[in-house]
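Undergrad: Okay, handing you the structure first.
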There are 2 protein chains.
Amino acid sequence: MKTWFKVSENSDFTIYNIPFGIFSTPTSKKKVGIAIGDAVLDLSVVYDLGLFKQLSFSKTIFESDFLNDFISLGKSITKKVRTIIQDELCNENSVLKSSKEAFVLQKDVEMHLPVKVGDYTDFYSSIEHATNVGVMFRDPENALLPNWKHIPVGYHGRASSIMVSGKNIHRPKGQVLKLNETLPVFEPSARVDFELEMGFIIGKQTEVGDSISTEKAEDYIFGKVLFNDWSARDIQKWEYVPLGPFLAKNFASSISPWVVTLEALEPFRIAGPEQTPKVLPYLEYNGLKNFDINLEVSISPNNSEETVVSNSNFKYMYWNMSQQLAHHTSNGCNVNVGDLLASGTISGKSKDSYGSMLELSWAGKNPIKLNNGEERKFIEDYDTVIIRGYCKKDDIRVGFGEVKAQILPSK
Amino acid sequence: MKTWFKVSENSDFTIYNIPFGIFSTPTSKKKVGIAIGDAVLDLSVVYDLGLFKQLSFSKTIFESDFLNDFISLGKSITKKVRTIIQDELCNENSVLKSSKEAFVLQKDVEMHLPVKVGDYTDFYSSIEHATNVGVMFRDPENALLPNWKHIPVGYHGRASSIMVSGKNIHRPKGQVLKLNETLPVFEPSARVDFELEMGFIIGKQTEVGDSISTEKAEDYIFGKVLFNDWSARDIQKWEYVPLGPFLAKNFASSISPWVVTLEALEPFRIAGPEQTPKVLPYLEYNGLKNFDINLEVSISPNNSEETVVSNSNFKYMYWNMSQQLAHHTSNGCNVNVGDLLASGTISGKSKDSYGSMLELSWAGKNPIKLNNGEERKFIEDYDTVIIRGYCKKDDIRVGFGEVKAQILPSK
């Protein structure tokens, strides 16, 4: 595919991508757009130009605060919308070429939360991450708990505090039990951490009692985003037994603004790791269900030079998205359009591919060196954490942009 | 207060109550109503009669699918709506007396989910329940985990599968590790259980970063409901480490349709249990923050005679709602109107006041006898579980109605 729109060589937002998001300008309300190169293409303008007239839906779909209504049209429509946009951006005679209103520079828009998240689930599906945590906190000889290779372990997270990239976050306060103490104190967390994750967004609802098979699962997945599951390790350690993480996580999670569709990721399918022991039949799957997505995490202290602290890849996931969704609905739990299912921390095998400071600094024992000479065990006030991700194969590049947020002092 | 409306002596829905709910008739869409005696008072009709004209809000507030918009008006308005209704129901000259459209019999309406739940949190705040579970599954000598008396332990639950009373539920399937086996199987749960809980509904939103003090907490609570946090104990046992319950709970939760306001519960305030050791300052509180609410659970096998299997009381809660909400927001986690915060299983000290079959049958060791001669360790197919609750003091009775659901065989 060759577009007439100027897209720089390393842009995440190539003609092969066409990710969807919610943007506003200083003079407009929230609207649906797609990212191309350095610009946003305003789909309400494309609608007015009549380019979607063969698809019978209302313009209000593109004048919404969230993508949910658009996604709810179903893949038969949303795939066509994406293809029409690609065709127009390749068609030298497209009316878009002369439309002054259709394109806005990304630097001139504000991006918003792309979907209204009904329920948010976080998995724990990287074997390297689960093993690292097990070695640190439990038993190095039995790092993985007995259920881990049978179940894509997951838990429910907080939907209300999911925020779009760029929204800064106050360091949470919470109960912490200090070393050699028997009584907890309430104070700002000293161990704020990022978790390098990706999330996928549900594109089709089910009813209570329904299950989704691994074979059909991708029909229910609209697309993917970058996700930072902010965590306060000291709060987590004290609170998490027996019912799991709560205040250690629900103060904030950050999401990238552009939702990359599963169709855009098609060229980057790859085999997942071998699963031994054999999984139960409802978790078996055929075909390539993992995706080769390069991921990196940077820290920028006080808006100064960034240091890349981790290079990971989504392909390391032990449990794939289809298995996660099949498991999630195996008991009849229903899903709704806009629900977010996150991967859990994505760590690779090597030490520089770990997806959290907890692992990178090995619980604070081995501080990470930053380019400015400082060291980090965990995230400090005024540090900005940036996660980026992209796929590349031959000449095809599809990227996610970034999700970033700065940690501010406690309120 | 004396109403001209006929209310039978043991009605939950007295003039002192006036709970809000969402109802429809065979010929109407969903609307907001209040319960009085055996009837529903249609608030859209009351609006048309001009009785709320001093409060400037639109009639669409009462033509909504959920109470969220009504609740969002704020307590300054919702309290006045309730008082106006009480006054009219006591005023012998009220226009309501001659309105043919205002009242519908409860038996002629369908009740719906009262609120659109954004996020649902479940606590674990009964010391008797937490102790019973600890004795059964961990160490009788150290039944409570070290954090329990410092933290109102809670976790996030699934909002999508919360359903109104009367919706029946298929027995969930899931992974179970059987005794003396090393590999799990996937099959219908053999240990479906109820959890006797109450929930409270958030009436006022906060922004990310805000905290709510125990002193202000009740300003953010609209009202309360009965809640059955259905659980599959065998699935839970295998899946819950280390991140807490997931598929063992998210197949369904049942909620009563009428939301009883905090104002209606005012006469039933009572002191909570002494909290030793002393709680951290952000969890300290003044005044009476517990409520004396009688609770009972019945089982009806295959629609036959009910057997009351538990008599408990909300007053047993170790952690009160104000503490739960202060804790939940102490890290800056935001809340939205319609969010549901549930108590956790409410068990009393005596064996007949335990709030789950797990405790009542002591993990299946001591089956419960039903009136029809059958025994129950857990809930069987076609059993209906009914939770009821009411407050009574002198001549004032305020009740919650019931939440019930039947367990159907696995799909």
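Lettering and numbering for the structure tokens are positional, with chains as A, B, ... in the shown order, residues counted from 1 in each chain, and ligands counted from 1 in the shown order.
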Give the residues of chain A that lie within 7 Å of chain B; count only C-alpha atoms, and format the answer as a ChimeraX atom specification.
TA: /A:118-119,147,154-161,170,172-174,208-209,238-239,242-247,250-251,328,330-335
Undergrad: Which residues come within 8 Å of segment 132-141 of chain B, counting only C-alpha atoms, excluding same-chain residues fewer than 6 positions away, as number ranges by chain?
TA: B: 359, 362-363
Undergrad: Please save all heavy atoms of the selected residues as a PDB file, in the first residue's frame.
TA:
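Output saved as part.pdb:
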```
ATOM      1  N   GLU B 359     -19.528 -21.961  55.926  1.00  0.00           N
ATOM      2  CA  GLU B 359     -19.443 -21.903  57.384  1.00  0.00           C
ATOM      3  C   GLU B 359     -20.547 -22.739  58.039  1.00  0.00           C
ATOM      4  O   GLU B 359     -20.305 -23.443  59.015  1.00  0.00           O
ATOM      5  CB  GLU B 359     -19.552 -20.443  57.851  1.00  0.00           C
ATOM      6  CG  GLU B 359     -18.403 -19.575  57.387  1.00  0.00           C
ATOM      7  CD  GLU B 359     -18.708 -18.091  57.497  1.00  0.00           C
ATOM      8  OE1 GLU B 359     -18.469 -17.510  58.567  1.00  0.00           O
ATOM      9  OE2 GLU B 359     -19.223 -17.531  56.502  1.00  0.00           O
ATOM     10  N   TRP B 362     -19.706 -26.167  57.693  1.00  0.00           N
ATOM     11  CA  TRP B 362     -18.284 -26.290  58.039  1.00  0.00           C
ATOM     12  C   TRP B 362     -17.532 -27.073  56.944  1.00  0.00           C
ATOM     13  O   TRP B 362     -17.034 -28.158  57.145  1.00  0.00           O
ATOM     14  CB  TRP B 362     -18.086 -26.898  59.432  1.00  0.00           C
ATOM     15  CG  TRP B 362     -16.819 -26.385  60.059  1.00  0.00           C
ATOM     16  CD1 TRP B 362     -15.661 -27.088  60.256  1.00  0.00           C
ATOM     17  CD2 TRP B 362     -16.564 -25.054  60.553  1.00  0.00           C
ATOM     18  NE1 TRP B 362     -14.700 -26.278  60.827  1.00  0.00           N
ATOM     19  CE2 TRP B 362     -15.225 -25.019  61.022  1.00  0.00           C
ATOM     20  CE3 TRP B 362     -17.319 -23.880  60.630  1.00  0.00           C
ATOM     21  CZ2 TRP B 362     -14.648 -23.868  61.568  1.00  0.00           C
ATOM     22  CZ3 TRP B 362     -16.745 -22.746  61.169  1.00  0.00           C
ATOM     23  CH2 TRP B 362     -15.428 -22.745  61.628  1.00  0.00           C
ATOM     24  N   ALA B 363     -17.545 -26.450  55.770  1.00  0.00           N
ATOM     25  CA  ALA B 363     -16.880 -26.999  54.578  1.00  0.00           C
ATOM     26  C   ALA B 363     -17.435 -28.371  54.182  1.00  0.00           C
ATOM     27  O   ALA B 363     -16.719 -29.214  53.628  1.00  0.00           O
ATOM     28  CB  ALA B 363     -15.368 -27.060  54.749  1.00  0.00           C
TER      29      ALA B 363
END
```
Undergrad: Going by DSSP on the backbone, which bits of segment 20-186 of chain A are helix (DSSP H, G or I)? Write them as JSON, numbers by chain, please.
TA: {"A": [43, 44, 45, 46, 47, 48, 59, 60, 61, 62, 68, 69, 70, 71, 72, 75, 76, 77, 78, 79, 80, 81, 82, 83, 84, 85, 86, 87, 88, 89, 90, 95, 96, 97, 98, 106, 107, 108, 127, 128, 129, 130, 131, 132, 133, 134, 135, 136, 137, 140, 141, 142]}
Undergrad: DSSP on the backbone: what in segment 267-396 of chain B comes out strand (DSSP E), as a ChimeraX atom specification?
TA: /B:269-270,290-291,294-301,307-313,340-342,368-369,375-376,383-393,396
Undergrad: Need the shell around Glu374 of chain A: protein/DNA/RNA residues with any atom at most 10 Å away, counting only C-alpha atoms. Skip same-chain ones fewer than 6 positions apart. Format as a list of chain:residue names?
TA: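 In the requested format, the answer is A:Pro301, A:Pro367, A:Ile368.
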Undergrad: Enumerate, in order of chain and increasing residue number, the residues of segment 265-332 of chain A with an atom no farther than 12 Å from segment 10-20 of chain A, each with its shortest atom pair and distance in Å to one decimal, counting only C-alpha atoms, as JSON lines.
TA:
```
{"residue": "A:Leu265", "atom": "CA", "partner": "A:Asn17", "partner_atom": "CA", "distance": 8.1}
{"residue": "A:Glu266", "atom": "CA", "partner": "A:Tyr16", "partner_atom": "CA", "distance": 10.2}
{"residue": "A:Pro267", "atom": "CA", "partner": "A:Tyr16", "partner_atom": "CA", "distance": 9.8}
{"residue": "A:Phe268", "atom": "CA", "partner": "A:Tyr16", "partner_atom": "CA", "distance": 11.8}
{"residue": "A:Asn294", "atom": "CA", "partner": "A:Asp12", "partner_atom": "CA", "distance": 11.9}
```
Undergrad: What is the atom CA of Val45 of chain B to atom CA of Leu262 of chain B distance in Å?
TA: 24.7 Å
Undergrad: When you count only C-alpha atoms, which of these residues is closest to Lys149 of chain B: B:Ser231, B:Ser165, B:Asn91, B:Thr276?
TA: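 Comparing B:Ser231, B:Ser165, B:Asn91, B:Thr276 against Lys149 of chain B, the winner is B:Thr276.
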Undergrad: Separation of atom CA of Trp258 of chain B and atom CA of Val40 of chain B, in Å?
TA: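 Calculated distance between atom CA of Trp258 of chain B and atom CA of Val40 of chain B is 10.6 Å.
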Undergrad: Of the residues A:Leu179, A:Ser312, A:Asp42, A:Asn366, which is the one nearest to Ser353 of chain A, using only C-alpha atoms?
TA: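 Closest residue, counting only C-alpha atoms: A:Ser312.
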Undergrad: Do a neighbour search on Cys391 of chain B at 7 Å with only C-alpha atoms, toss out local chain neighbours closer than 5 positions, and write the hits as an MDAnalysis selection string.
TA: chainID B and resid 268 292:294 397:399
